[in-house]
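Undergrad: Please read through the structure below; I'll follow up with questions.
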Amino acid sequence: MARTVEFTDTEFMIAQGARLLEDGKTFFVGWGIPQVVAILAQKLYVPDVVQLFEFGAIGPQSILPFVRGTMGGPQNTYRSLQWLNMNWAFSYSAAGYMDYGMLGALQVDPYGNINSTFLGGTFEKPGRRFAGSGGGNQVASHCWRTIIIIKHEGRRFVPKLDFVTSPGYLSGPGARERAGLPKDTGPYRVVTSKALFGFDERTKEMTLLSVLRGASPDDVIREMAFRPRIAKEISEIAPPTEDELRLLREEIDPSRIIIRGERMTAPA
Amino acid sequence: MARTVEFTDTEFMIAQGARLLEDGKTFFVGWGIPQVVAILAQKLYVPDVVQLFEFGAIGPQSILPFVRGTMGGPQNTYRSLQWLNMNWAFSYSAAGYMDYGMLGALQVDPYGNINSTFLGGTFEKPGRRFAGSGGGNQVASHCWRTIIIIKHEGRRFVPKLDFVTSPGYLSGPGARERAGLPKDTGPYRVVTSKALFGFDERTKEMTLLSVLRGASPDDVIREMAFRPRIAKEISEIAPPTEDELRLLREEIDPSRIIIRGERMTAPA
Amino acid sequence: MSRIRREGKVEYRFDHPDAFRAHVRDKKSRKPVDKLVDAKEAVSRFVNDGDYIVYDFSSLTRGPQALIREVIRQKKKELWIGAEFTLHESALLVGAGCASRIDVGFLGYGNYIGQAVCDGRVQVYEWTNGGLALRILAGARGVPFLPTRDLLGTDNLDVSAARVIQDPYTGMPVCLVPALNPDVAFLHVHQADVSGDARIFGTNLFALEAALASRRVIVSAEEIVEADEFRKDPMRTTIPYFLVDAVVHAPFGAYPGSMPARYEIDLEHVDRLNAIRNDEQMQRYLDENIYSVSGHEEFLDKRVGAARMKELRRRATIIEGYR
Amino acid sequence: MSRIRREGKVEYRFDHPDAFRAHVRDKKSRKPVDKLVDAKEAVSRFVNDGDYIVYDFSSLTRGPQALIREVIRQKKKELWIGAEFTLHESALLVGAGCASRIDVGFLGYGNYIGQAVCDGRVQVYEWTNGGLALRILAGARGVPFLPTRDLLGTDNLDVSAARVIQDPYTGMPVCLVPALNPDVAFLHVHQADVSGDARIFGTNLFALEAALASRRVIVSAEEIVEADEFRKDPMRTTIPYFLVDAVVHAPFGAYPGSMPARYEIDLEHVDRLNAIRNDEQMQRYLDENIYSVSGHEEFLDKRVGAARMKELRRRATIIEGYR
């Protein structure tokens with residue numbers, strides 16, 4: 001019998017995210033999981049990635065282990081190139097210097113629009129209220145390529161969001177430009193705990209690109225409230241590697257605060 | 001026979017300017033003569049004045065002697081409270097933190113509008129071209145009280161400027177507000193080499209307030225190309241004091257670069 | 001001009017720039033006088049019921065937690081909070097009945113505040129972090145608005161007072177956000193002198209913007225230093241004294257959050273905050289940590305303790321760049 | 001969208017923010033590679049005829065004088081200069097036939113440049129210092145304009161492309177200035193590393209704004225230091241490397257102006273510049289100081305000399321705050 005790897009859904013998303021980044025590019029890092037993605041990626045794959053945080057840290061090289069509850073403190077502003085403030089941080093992104101941005105989401109729709117504000121009810125009287133945009137709206141508006149990282153659950157992939165917090169392709173091709181958003185920007189990938197999506201160049205609709213080794217496209221699509229487009233060839237995503245898991249579990253998050261989650265297995 | 005004092009027209013303007021400032025207030029300092037006014041005032045009269053320069057020096061205490069050709073260097077940014085840049089410097093003035101501003105001028109009109117750009121011809125093809133606004137437009141727009149410092153010559157006091165570089169009361173009462181300039185701002189005093197002017201509260205017209213000891217209002221008005229209003233009581237301005245002259249000549253400008261000018265006398 | 005506006009369903013704070021300027025002219029002293037007071041006096045003199053308050057950073061990092069606890073202790077009412085990151089602060093301020101409106105930013109942590117929003121006990125307005133930072137910059141620059149190329153195309157536009165105009169230079173739609181001039185800014189800093197010159201080491205969210213844009217500024221500082229320190233190193237000055245109304249000496253003033261290069265976050269205490277889920281738990285926390293002590297020093301002595309503070313200081317080993 | 005616009009009689013440089021963003025995406029490397037070149041190579045590779053050039057500070061203080069002399073030596077043509085303070089630089093650039101348009105700011109010194117304007121040999125556009133600083137900030141923030149409450153009511157409005165709109169929040173008139181995204185920024189700094197991280201000590205006019213807003217950035221530095229220096233003290237970084245295209249090691253690069261805390265202004269040389277009144281004198285100055293030497297180092301050796309440099313260094317005794 002083939003050997004299998006055990007990991008959490010979060011570990012898988014983090015590892016996938018880390019593999020997507022390009023070296024020598026800039027990366028606007030959202031809070032939480034994207035922070036861990038950035039650390040893992042910089043240690044393993046992209047040593048010269050330039051991280052940027054909205055609280056004004058330009059080019060930090062976070063210290064290990066990841067400290068829960070730090071935001072703008074010495075750990076995740078460590079060895080920055082420059083310390084500024086929020087208005088300057090968003091100047092870097094608005095002027096076009098940020099290649100990648102990464103954001104979590106409550107809900108995502110077929111055009112990659114993001115809800116991170118509330119579920120159910122109305123804005124004034126929500127069913128459940130969450131943290132909201134933070135700087136997510138700016139990241140999704142300004143960065144050249146936005147990567148969304150989201151747990152793969154049917155209620156999160158919906159045809160229509162309860163609230164559009166941060167822009168994807170809005171209502172489809174050309175809609176971002178018509179709204180006044182910077183040209184040629186928009187969601188680039190959606191990393192989930194089962195699969196990886198891109199966006200169709202012509203229609204701007206979410207498109208299944210790859211699935212976790214051992215899973216099928218049907219497994220993935222079954223747990224979505226809309227039917228995504230499917231790429232002609234669906235590739236396979238390797239489960240977290242030994243290096244990725246060791247670094248995550250031993251060096252980055254030894255207290256397992258971030259990487260905990262639902263247990264998964266896949267063929268090694 | 002009464003003792004007389006000898007001094008230059010520039011020394012007299014500087015001394016007058018220095019006497020106008022209030023202690024514990026902020027002072028946006030234009031380049032050149034206003035710098036020397038600020039130094040003299042801070043040494044003799046207003047130790048707690050907060051100087052501000054457009055190149056980002058907040059609260060400097062200039063070193064002596066005054067060094068010609070320094071602008072933003074260690075001498076006139078010495079012992080600042082804060083070093084910033086130009087956009088921040090103009091935030092201080094735009095948000096209302098600057099009580100006084102002081103500017104030189106080529107020409108001034110009855111409403112205290114300032115020309116510092118050109119004389120004769122057109123903007124595109126001027127008769128004589130000068131330095132232009134620098135930050136003068138911002139100083140005259142934002143500061144609560146702008147003090148103009150200008151040599152007393154007929155060709156400088158004109159009914160209509162060749163070019164309005166920096167705003168006085170524009171066309172009269174209410175015109176600044178109608179143009180969108182901050183409320184309750186505008187020219188406060190005009191310091192010349194013979195006299196001191198204010199502005200009529202109702203009509204906003206330049207009004208003779210005081211003349212150098214020994215001179216008459218007629219001496220002053222004769223050398224103006226428009227007839228100013230005259231205050232009910234014209235007071236006398238003392239010539240530069242011994243302290244003022246000693247400080248200017250021995251400590252501030254021993255090489256007499258700034259304080260040189262036309263020789264004048266007045267009863268001591 | 002009214003300082004609270006309602007258009008459609010959106011309420012927002014707005015001062016005409018001229019009204020704010022007049023306040024700066026008439027009420028802000030430029031004299032370098034001694035403004036050192038204790039937190040009690042600073043809050044009672046400079047914070048009124050109904051005030052709009054902003055603060056820099058959060059309950060996790062360099063937040064003005066001692067000042068916020070004092071606001072709660074003095075039972076201020078109907079406050080409107082504006083914060084990019086408002087974490088446990090907003091839960092405590094709402095739980096204590098002090099705050100009724102919040103402009104965010106990022107609204108966390110824990111379930112208490114989320115439930116309070118759903119129950120309609122507090123009204124939240126969504127401006128996004130970038131939008132709020134820009135609103136405060138507009139207030140600091142004395143202009144009624146600033147333009148930005150975000151918020152566009154999203155529902156945030158409909159639940160804020162941001163407006164879209166056609167840019168006269170390109171013809172494209174551009175978003176404007178209105179200036180924000182708060183009543184009070186709370187800034188917790190590493191060092192201050194008695195007249196208010198202040199230094200923050202590390203990044204900040206909008207410290208200088210908030211100090212310029214706010215009608216009243218309360219600085220709380222880990223250390224009080226000689227005024228001369230600032231003139232010796234003007235590049236390190238975050239805020240000059242004449243923007244500041246009160247200086248509070250508050251060592252451990254960011255507790256339970258961290259103060260970069262001074263002390264680390266107290267995660268145990270933070271977990272107690274995270275665990276608050278209902279009013280009974282909230283009331284118990286407030287009683288124990290705020291109402292039952294006379295002020296910040298008694299809180300430190302009786303609820304934190306020297307041993308804990310020593311340990312948190314020990315953990316703050318990264319000092320590179322913070323000096 | 002065209003990068004030079006003419007409306008009525010006013011020409012102005014304007015890039016659509018999307019065009020500038022595309023340049024930043026495609027042409028600006030984020031890799032920390034060695035960008036150290038000499039002034040000759042920097043200017044020949046990164047400055048083209050017809051370019052719009054900005055620089056920080058002036059011929060008196062921390063101006064990029066070595067780079068400007070190199071531009072003149074290479075006889076660049078039809079340059080458009082944008083500067084808050086443009087003093088002897090503009091006279092030399094016009095006198096040498098390099099610059100045909102200048103956006104100011106403050107236009108000095110001496111009679112040569114004034115006469116050149118009157119003769120129509122150079123077109124000057126008047127934006128004021130505040131207006132130019134704001135235009136560059138708009139370029140750095142990726143927005144097509146920024147609003148301001150000055151320029152209003154004056155003739156500057158008619159001779160610039162500033163526009164007045166009705167503020168949607170107050171109804172009052174507000175002035176807008178269009179973004180400026182120059183082709184090239186010259187920044188002379190105290191310290192840089194080979195990939196372009198740079199530090200200026202003291203105040204600056206718009207160094208970070210210009211670095212963010214410009215298509216190409218040339219940093220000239222008094223000292224080249226280890227890259228690690230910047231990561232040890234991130235509050236001191238003026239510009240991070242990924243905004244920079246070329247680094248030139250140029251000790252005495254601000255000569256004859258001063259470099260704060262490094263060397264003082266050479267007033268004798270400045271007086272020679274001030275004395276230039278006609279083309280013959282201009283040509284003599286250019287021949288002697290620029291055309292007849294191969295570059296900055298030969299200029300320092302043969303036209304300035306070690307004794308003079310030592311004396312200017314000796315005079316720079318104020319170092320407090322500059323470190």
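Simple scheme: letters A, B, ... for chains in structure tokens order, numbers from 1 for residues in each chain, numbers from 1 for ligands in the order shown.
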If DSSP is run on the backbone, what residues of region 65-287 of chain C are helix (DSSP H, G or I)? A reply as a PyMOL selection string would be ideal.
TA: chain C and resi 65-73+88-95+110-118+129-141+155-157+207-213+228-232+234-236+241-243+267-274+279-287
Undergrad: Identify all chain B residues at most 10 Å from chain C by counting only C-alpha atoms; ligands do not count. Present them as a PyMOL selection string.
TA: chain B and resi 23-26+48-50+57-61+77-84+87-99+142+144+181-184
Undergrad: Pull out every residue of chain D sitting within 8 Å of chain C, counting only C-alpha atoms, and send them as number ranges by chain.
TA: D: 16, 142-149, 167, 169-170, 178, 201-203, 231-235, 320-322
Undergrad: Name the residues in contact with region 201-218 of chain A at a cut-off of 8 Å, using only C-alpha atoms, excluding same-chain residues fewer than 6 positions from it; report them as an MDAnalysis selection string.
TA: chainID A and resid 110:112 169 172:173 194:195 228:231 233:239 266:267
Undergrad: Take the residues from that selection and put them in a file with N, CA, C and O atoms, as a tab-separated table (two decimals), in the first residue's frame.
TA:
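Resulting contents of part-v5.tsv:
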chain	number	residue	atom	x	y	z
A	110	PRO	N	-18.20	33.43	-7.75
A	110	PRO	CA	-17.52	32.96	-8.98
A	110	PRO	C	-16.55	33.97	-9.59
A	110	PRO	O	-15.67	33.58	-10.35
A	111	TYR	N	-16.70	35.26	-9.29
A	111	TYR	CA	-15.78	36.27	-9.82
A	111	TYR	C	-14.68	36.62	-8.84
A	111	TYR	O	-13.95	37.59	-9.03
A	112	GLY	N	-14.58	35.83	-7.78
A	112	GLY	CA	-13.49	36.09	-6.83
A	112	GLY	C	-13.73	37.28	-5.93
A	112	GLY	O	-12.80	37.79	-5.30
A	169	TYR	N	-13.45	40.20	-9.58
A	169	TYR	CA	-13.77	40.77	-10.89
A	169	TYR	C	-15.17	41.39	-10.91
A	169	TYR	O	-15.72	41.63	-11.98
A	172	GLY	N	-17.84	40.82	-13.68
A	172	GLY	CA	-17.28	40.12	-14.83
A	172	GLY	C	-16.29	40.97	-15.61
A	172	GLY	O	-15.80	41.98	-15.10
A	173	PRO	N	-16.00	40.56	-16.85
A	173	PRO	CA	-14.95	41.22	-17.62
A	173	PRO	C	-15.16	42.73	-17.74
A	173	PRO	O	-16.27	43.18	-18.05
A	194	LYS	N	-8.77	21.84	-0.53
A	194	LYS	CA	-8.87	20.69	-1.41
A	194	LYS	C	-8.30	20.94	-2.80
A	194	LYS	O	-8.01	19.99	-3.51
A	195	ALA	N	-8.21	22.19	-3.18
A	195	ALA	CA	-7.95	22.46	-4.59
A	195	ALA	C	-7.32	23.82	-4.80
A	195	ALA	O	-7.13	24.59	-3.85
A	228	PRO	N	-17.94	25.81	-10.60
A	228	PRO	CA	-16.86	26.58	-11.23
A	228	PRO	C	-16.60	26.08	-12.64
A	228	PRO	O	-17.06	24.99	-13.02
A	229	ARG	N	-15.90	26.84	-13.42
A	229	ARG	CA	-15.37	26.33	-14.68
A	229	ARG	C	-14.27	25.31	-14.37
A	229	ARG	O	-13.68	25.33	-13.29
A	230	ILE	N	-14.03	24.44	-15.32
A	230	ILE	CA	-13.02	23.40	-15.11
A	230	ILE	C	-11.96	23.53	-16.20
A	230	ILE	O	-12.30	23.61	-17.39
A	231	ALA	N	-10.71	23.56	-15.81
A	231	ALA	CA	-9.64	23.65	-16.80
A	231	ALA	C	-9.62	22.38	-17.65
A	231	ALA	O	-10.07	21.32	-17.20
A	233	GLU	N	-7.11	20.56	-18.50
A	233	GLU	CA	-6.36	19.53	-17.79
A	233	GLU	C	-6.24	19.91	-16.33
A	233	GLU	O	-5.75	20.98	-16.01
A	234	ILE	N	-6.70	19.01	-15.49
A	234	ILE	CA	-6.64	19.26	-14.05
A	234	ILE	C	-5.36	18.61	-13.53
A	234	ILE	O	-5.15	17.41	-13.69
A	235	SER	N	-4.52	19.38	-12.93
A	235	SER	CA	-3.28	18.81	-12.40
A	235	SER	C	-3.47	18.42	-10.93
A	235	SER	O	-4.49	18.71	-10.31
A	236	GLU	N	-2.44	17.77	-10.44
A	236	GLU	CA	-2.51	17.21	-9.09
A	236	GLU	C	-1.63	18.07	-8.17
A	236	GLU	O	-0.54	18.49	-8.56
A	237	ILE	N	-2.13	18.31	-6.96
A	237	ILE	CA	-1.33	19.07	-6.00
A	237	ILE	C	-0.73	18.09	-5.01
A	237	ILE	O	-1.47	17.30	-4.39
A	238	ALA	N	0.58	18.14	-4.86
A	238	ALA	CA	1.22	17.27	-3.88
A	238	ALA	C	0.81	17.71	-2.48
A	238	ALA	O	0.64	18.90	-2.21
A	239	PRO	N	0.62	16.76	-1.58
A	239	PRO	CA	0.35	17.13	-0.19
A	239	PRO	C	1.57	17.81	0.39
A	239	PRO	O	2.63	17.83	-0.23
A	266	ALA	N	-3.29	12.12	2.39
A	266	ALA	CA	-3.15	12.00	0.94
A	266	ALA	C	-1.99	11.06	0.66
A	266	ALA	O	-1.10	10.92	1.49
A	267	PRO	N	-1.99	10.47	-0.53
A	267	PRO	CA	-0.86	9.62	-0.90
A	267	PRO	C	0.43	10.45	-0.94
A	267	PRO	O	0.42	11.56	-1.47
Undergrad: Just give me the gap between CA of Lys35 (chain C) and CA of Asp245 (chain C) in Å, one decimal is fine.
TA: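 CA of Lys35 (chain C) sits 6.8 Å away from CA of Asp245 (chain C).
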Undergrad: I'd like the contact shell of Gly105 (chain C) - 7 Å cut-off, only C-alpha atoms, skipping same-chain residues fewer than 6 positions apart - returned as an MDAnalysis selection string.
TA: (chainID A and resid 133:134) or (chainID C and resid 83:85 126:129 132)
Undergrad: May I have the residues within 7 Å of Ile290 (chain C) as a PDB file with N, CA and C atoms, in the first residue's frame, using only C-alpha atoms and disregarding those fewer than 3 positions away in the same chain?
TA:
ATOM      1  N   ARG C  69      -8.772  51.831  29.751  1.00  0.00           N
ATOM      2  CA  ARG C  69      -9.343  51.353  31.028  1.00  0.00           C
ATOM      3  C   ARG C  69      -9.837  52.531  31.879  1.00  0.00           C
ATOM      4  N   ARG C  73     -13.431  53.192  33.458  1.00  0.00           N
ATOM      5  CA  ARG C  73     -13.580  53.442  34.896  1.00  0.00           C
ATOM      6  C   ARG C  73     -14.419  54.693  35.141  1.00  0.00           C
ATOM      7  N   LEU C 286     -14.633  43.338  33.884  1.00  0.00           N
ATOM      8  CA  LEU C 286     -14.569  44.785  34.149  1.00  0.00           C
ATOM      9  C   LEU C 286     -14.432  45.051  35.639  1.00  0.00           C
ATOM     10  N   ASP C 287     -15.229  44.329  36.449  1.00  0.00           N
ATOM     11  CA  ASP C 287     -15.149  44.512  37.901  1.00  0.00           C
ATOM     12  C   ASP C 287     -13.742  44.245  38.394  1.00  0.00           C
ATOM     13  N   VAL C 293     -10.217  48.662  40.907  1.00  0.00           N
ATOM     14  CA  VAL C 293      -8.927  49.294  41.208  1.00  0.00           C
ATOM     15  C   VAL C 293      -9.031  50.782  40.941  1.00  0.00           C
TER      16      VAL C 293
END
Undergrad: Using CA of Gly69 (chain A) and CA of Arg62 (chain C) as the two end points, give the distance in Å to one decimal.
TA: 12.1 Å
Undergrad: Let's see if you can do this: from backbone DSSP, list all strand (DSSP E) residues in region 10-235 of chain B, as an MDAnalysis selection string.
TA: chainID B and resid 26:29 50:52 57:58 82:83 100:104 107:108 114:115 118:121 126:129 145:150 187:192 195:199 206:212 229:235
Undergrad: Write out as a PDB file with C-alpha atoms, in the first residue's frame each polymer residue whose atoms come within 12 Å of Val54 (chain D), counting only C-alpha atoms; drop sequence neighbours fewer than 4 positions from it.
TA:
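This went into part27.pdb:
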ATOM      1  CA  VAL D  47      18.382  59.564 -18.749  1.00  0.00           C
ATOM      2  CA  SER D  58      19.190  72.291  -4.341  1.00  0.00           C
ATOM      3  CA  GLY D  63      21.526  68.489  -4.340  1.00  0.00           C
ATOM      4  CA  PRO D  64      22.615  65.786  -6.826  1.00  0.00           C
ATOM      5  CA  LEU D  67      24.660  63.777 -11.552  1.00  0.00           C
ATOM      6  CA  ILE D  68      23.545  67.115 -12.940  1.00  0.00           C
ATOM      7  CA  LEU D  79      14.857  68.033 -20.563  1.00  0.00           C
ATOM      8  CA  TRP D  80      11.950  69.172 -18.435  1.00  0.00           C
ATOM      9  CA  ILE D  81      12.988  69.941 -14.876  1.00  0.00           C
ATOM     10  CA  GLY D  82      10.649  69.777 -11.878  1.00  0.00           C
ATOM     11  CA  ALA D  83      12.100  71.177  -8.681  1.00  0.00           C
ATOM     12  CA  GLU D  84      10.918  72.955  -5.588  1.00  0.00           C
ATOM     13  CA  PHE D  85      14.148  74.839  -5.256  1.00  0.00           C
ATOM     14  CA  THR D  86      15.978  75.057  -8.533  1.00  0.00           C
ATOM     15  CA  GLU D  89      21.164  73.839 -11.481  1.00  0.00           C
ATOM     16  CA  SER D  90      18.550  75.370 -13.716  1.00  0.00           C
ATOM     17  CA  ILE D 102      11.093  74.004 -15.809  1.00  0.00           C
ATOM     18  CA  ASP D 103       8.281  73.468 -13.320  1.00  0.00           C
ATOM     19  CA  VAL D 104       8.849  75.437 -10.119  1.00  0.00           C
ATOM     20  CA  GLY D 105       8.905  75.976  -7.165  1.00  0.00           C
ATOM     21  CA  LEU D 132       4.833  70.473  -6.769  1.00  0.00           C
ATOM     22  CA  ALA D 133       5.306  68.534  -3.533  1.00  0.00           C
ATOM     23  CA  ARG D 135       1.812  66.598  -7.355  1.00  0.00           C
ATOM     24  CA  ILE D 136       4.649  64.210  -6.592  1.00  0.00           C
ATOM     25  CA  LEU D 180       3.332  64.007 -11.430  1.00  0.00           C
ATOM     26  CA  ASN D 181       5.227  60.867 -12.375  1.00  0.00           C
ATOM     27  CA  PRO D 182       8.648  61.974 -13.609  1.00  0.00           C
ATOM     28  CA  ASP D 183      10.832  59.923 -15.916  1.00  0.00           C
ATOM     29  CA  VAL D 184      13.804  60.214 -13.612  1.00  0.00           C
ATOM     30  CA  ALA D 185      14.484  61.184 -10.007  1.00  0.00           C
ATOM     31  CA  PHE D 186      17.978  62.147  -8.826  1.00  0.00           C
ATOM     32  CA  LEU D 187      18.509  61.747  -5.095  1.00  0.00           C
ATOM     33  CA  HIS D 188      21.794  62.474  -3.372  1.00  0.00           C
ATOM     34  CA  LEU D 205      11.814  67.833   0.361  1.00  0.00           C
ATOM     35  CA  PHE D 206      10.062  64.813  -1.168  1.00  0.00           C
ATOM     36  CA  ALA D 207      12.649  62.037  -1.358  1.00  0.00           C
ATOM     37  CA  GLU D 209       7.563  60.553  -2.781  1.00  0.00           C
ATOM     38  CA  ALA D 210       9.898  61.114  -5.738  1.00  0.00           C
ATOM     39  CA  ALA D 211      11.350  57.609  -5.482  1.00  0.00           C
ATOM     40  CA  ALA D 213       6.546  58.342  -8.222  1.00  0.00           C
ATOM     41  CA  SER D 214       9.402  58.203 -10.729  1.00  0.00           C
ATOM     42  CA  ARG D 215       9.903  55.734 -13.538  1.00  0.00           C
ATOM     43  CA  ARG D 216      13.636  55.579 -12.935  1.00  0.00           C
ATOM     44  CA  VAL D 217      15.506  56.484  -9.767  1.00  0.00           C
ATOM     45  CA  ILE D 218      19.227  57.256  -9.596  1.00  0.00           C
TER      46      ILE D 218
END
Undergrad: For CA of Glu223 (chain D) and CA of Glu297 (chain D), determine how far apart the two atoms are, in Å to one decimal place.
TA: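 Separation of CA of Glu223 (chain D) and CA of Glu297 (chain D): 14.6 Å.
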Undergrad: For region 107-117 of chain D, find every residue with an atom within 8 Å (counting only C-alpha atoms), except residues of its own chain fewer than 4 positions away, and show them as an mmCIF file with C-alpha atoms, in the first residue's frame.
TA:
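Once everything was written out, this is part08.cif:
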data_model
loop_
_atom_site.group_PDB
_atom_site.id
_atom_site.type_symbol
_atom_site.label_atom_id
_atom_site.label_comp_id
_atom_site.auth_asym_id
_atom_site.auth_seq_id
_atom_site.Cartn_x
_atom_site.Cartn_y
_atom_site.Cartn_z
ATOM 1 C CA LYS B 125 7.441 86.472 -21.817
ATOM 2 C CA PRO B 126 8.188 88.522 -18.735
ATOM 3 C CA ARG B 128 12.049 90.610 -15.562
ATOM 4 C CA ARG B 129 11.655 87.227 -14.000
ATOM 5 C CA PHE B 130 12.212 86.540 -10.291
ATOM 6 C CA ALA B 131 12.158 83.480 -8.078
ATOM 7 C CA GLY B 132 8.369 83.096 -7.897
ATOM 8 C CA GLY B 134 8.485 79.024 -3.600
ATOM 9 C CA PHE D 85 14.148 74.839 -5.256
ATOM 10 C CA THR D 86 15.978 75.057 -8.533
ATOM 11 C CA LEU D 87 18.906 77.373 -8.099
ATOM 12 C CA HIS D 88 22.171 77.186 -10.004
ATOM 13 C CA SER D 90 18.550 75.370 -13.716
ATOM 14 C CA ALA D 91 20.933 78.052 -14.900
ATOM 15 C CA VAL D 94 19.589 75.913 -19.516
ATOM 16 C CA ARG D 121 14.982 80.250 -24.115
ATOM 17 C CA VAL D 122 13.265 78.239 -21.410
ATOM 18 C CA GLN D 123 9.623 77.929 -20.521
ATOM 19 C CA VAL D 124 8.851 78.114 -16.811
ATOM 20 C CA LEU D 273 28.030 80.576 -10.247
ATOM 21 C CA ASN D 274 26.170 83.648 -9.022
ATOM 22 C CA ALA D 275 28.415 85.842 -11.146
ATOM 23 C CA ILE D 276 27.445 84.215 -14.442
ATOM 24 C CA ARG D 277 25.488 86.807 -16.379
ATOM 25 C CA ASN D 278 25.894 85.991 -20.031
#
Undergrad: Name the closest residue to Phe118 (chain B) among the candidates B:Glu153, B:Glu250, B:Glu6, B:Asp162; distances are taken between atoms, counting only C-alpha atoms.
TA: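 Of the candidates, the smallest distance to Phe118 (chain B) is held by B:Asp162.
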